[in-house]
Each structure stands twice: as C-alpha cells, then as structure tokens.
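Below is one structure, written out as structure tokens, with a few remarks after it.
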Amino acid sequence: MRVQRFVPISLVVMLMFCAFPMSASARADASHRDQIWGSLSSHEMKTDSTNVFDKEITVVVREVHGNRRSRIVGFSTVHNGRYAVDMGRMPAGKYEVSVDPGASDYEGGAHMVQYPGAGHSVELNWGISTDSSAIPLGENAGAPWP
C-alpha cells in the first residue's frame, strides 16, 4: 500500500504571501473595495484653532445620466479627514461626488468620476477652503464636472 503525502493548501498560500507581499496600494484598494473614498485637507488647518474634521462636512454621491444629476446613491461623513462612500453593487458609470459643507465655513464643490463598477474603487481627494470651492486633488480624480 502506498502512502500519499501532500502539502496542505493553506501552507502553500501562506508561503506564497510571504514570498510575494502585497503592496501598500493593493492593500488600500482591497480595503476600499466597492467604495468611492478619499481625504479632505485644507491649508487653513494650520491657522484655524478648530479642527476642520470636527465640522459637519458630508460627501454625497449621485448617479449621472447623460449630463444630468440623478438620485443620491450614497453619502459619508468625514472622520479624521477621511471619507468612504459604500457603492454596494452599483453598476459602472458616471457619478457626481460632491462635498457638502453643512454648517461649516468651508465651500462645497462637485466633481464627476467614472466608477468602474462592483469590486472596484475610486480614490478622490479634496482640497477645501473658506474662500473658494472645494477642488479635487490627485491623479485618480476623474474628469472635471461641467
């Protein structure tokens, strides 16, 4: 009788991850799956005695059909300068991401992004100010809103 020897699959997978560690951007993408996410920053944070992120700022995402805004599909409050809007199983397409300043002194802004669909994410970082509209920052900012 012949005894078969095999290596447990979990050991093979563990060794593979140790040999080929995941990059920081891949980890970030995995943690933000099905989300439009990013951060807000302001040059005024250095001079303002109150924390910009304690304000009631909300990021709102709407569907876009043609060049017309449609219903709200998600929103997120800002915590410690970061937001993450859960897109669930929303299909690929155009979405408007807007910063709603609420009762804060900051200005709002809107930007259109091309969301690739379920299983993906879009990073959109914002620069906010009290004297001009919020503007998207970074290379993953999508297309400007008309």
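The chains in the structure tokens are called A, B, ... from first to last as shown; in each chain the residues are counted from 1, and the ligands are counted from 1 in the order shown.
Neighbouring residues of Ser41 (chain A) at 7 Å or closer, counting only C-alpha atoms and skipping chain neighbours under 2 positions away, are Ser39, His43, Gly81, Trp126, Gly127 and Ile128 of chain A.
Omitting Lys94 (chain A) and its sequence neighbours fewer than 6 positions away, and counting only C-alpha atoms, the residues within 9 Å are Arg62, Glu63, Val64, His65, Gly66, Met112, Val113, Gln114, Tyr115 and Pro116 of chain A.
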Mind writing the picked residues with C-alpha atoms as a compact mmCIF listing (two decimals), in the first residue's frame?
```txt
# COMPACT_ATOMS: atom_id res chain seq x y z
CA ARG A 62 -25.24 60.86 -7.13
CA GLU A 63 -25.83 58.94 -10.33
CA VAL A 64 -25.35 60.87 -13.58
CA HIS A 65 -27.44 60.11 -16.68
CA GLY A 66 -26.26 61.98 -19.75
CA MET A 112 -17.62 63.73 -11.84
CA VAL A 113 -15.88 60.34 -11.66
CA GLN A 114 -16.07 57.21 -13.78
CA TYR A 115 -16.81 54.39 -11.33
CA PRO A 116 -15.61 51.03 -12.76
```
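Atom pair CA of Ser104 (chain A) / CA of Ser42 (chain A) has a distance of 12.9 Å (rounded to one decimal).
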Note to self: Residues within 9 Å of Trp37 (chain A), please, as a list in words. Count only C-alpha atoms; anything in the same chain fewer than 2 positions from it doesn't count.
What the structure shows: His32, Gln35, Ser39, Arg82, Tyr83, Ala84, Val85, Asp86, Ser121, Val122, Glu123, Leu124 and Asn125 of chain A
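Nearest to Leu137 (chain A) of all the residues A:Leu40, A:Ile57, A:Met87, A:Ile72 is A:Leu40, based on only C-alpha atoms.
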Next item on the list: Show which residues sit within 6 Å of Phe75 (chain A), as a VMD selection string. Count only C-alpha atoms, and ignore same-chain residues fewer than 2 positions away.
Entry: chain A and resid 59 to 61 85
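Of the residues under consideration (A:Thr130, A:Ser31, A:Pro136, A:His120), A:His120 shows the shortest atom-to-atom contact distance to Arg89 (chain A) when counting only C-alpha atoms.
For the choices A:Gly117, A:Ser76, A:Asn67, A:Ser129, the atom-to-atom distance to Ser98 (chain A) is smallest for A:Ser76 when using only C-alpha atoms.
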For Glu107 (chain A), list every protein, DNA or RNA residue within 9 Å, evaluated using only C-alpha atoms, and leave out those in the same chain fewer than 5 positions away; present the list as a compact mmCIF listing (two decimals) with N, CA and C atoms, in the first residue's frame.
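Printed below is out.txt as written:
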```
# COMPACT_ATOMS: atom_id res chain seq x y z
N VAL A 99 -18.90 67.67 -2.21
CA VAL A 99 -18.61 67.98 -0.82
C VAL A 99 -19.70 68.93 -0.35
N ASP A 100 -20.46 68.51 0.66
CA ASP A 100 -21.50 69.34 1.26
C ASP A 100 -20.93 69.89 2.56
N PRO A 101 -20.68 71.19 2.63
CA PRO A 101 -20.02 71.74 3.81
C PRO A 101 -20.89 71.84 5.05
N ILE A 128 -10.09 71.74 0.44
CA ILE A 128 -11.22 72.60 0.79
C ILE A 128 -10.72 73.92 1.38
N SER A 129 -11.56 74.94 1.24
CA SER A 129 -11.17 76.27 1.66
C SER A 129 -12.40 77.07 2.06
N THR A 130 -12.19 78.14 2.81
CA THR A 130 -13.30 79.02 3.18
C THR A 130 -13.52 80.10 2.13
N ASP A 131 -12.57 80.27 1.20
CA ASP A 131 -12.71 81.35 0.22
C ASP A 131 -12.82 80.90 -1.23
N SER A 132 -12.86 79.58 -1.49
CA SER A 132 -13.08 79.09 -2.86
C SER A 132 -13.70 77.70 -2.80
N SER A 133 -14.25 77.27 -3.93
CA SER A 133 -14.91 75.96 -4.00
C SER A 133 -13.93 74.83 -3.71
N ALA A 134 -14.47 73.73 -3.18
CA ALA A 134 -13.65 72.53 -2.96
C ALA A 134 -13.17 72.02 -4.31
```
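Counting from CA of Arg68 (chain A), the distance to CA of Asp105 (chain A) is 27.8 Å.
Across the structure, CA of Gly102 (chain A) and CA of Arg33 (chain A) are spaced 27.2 Å apart.
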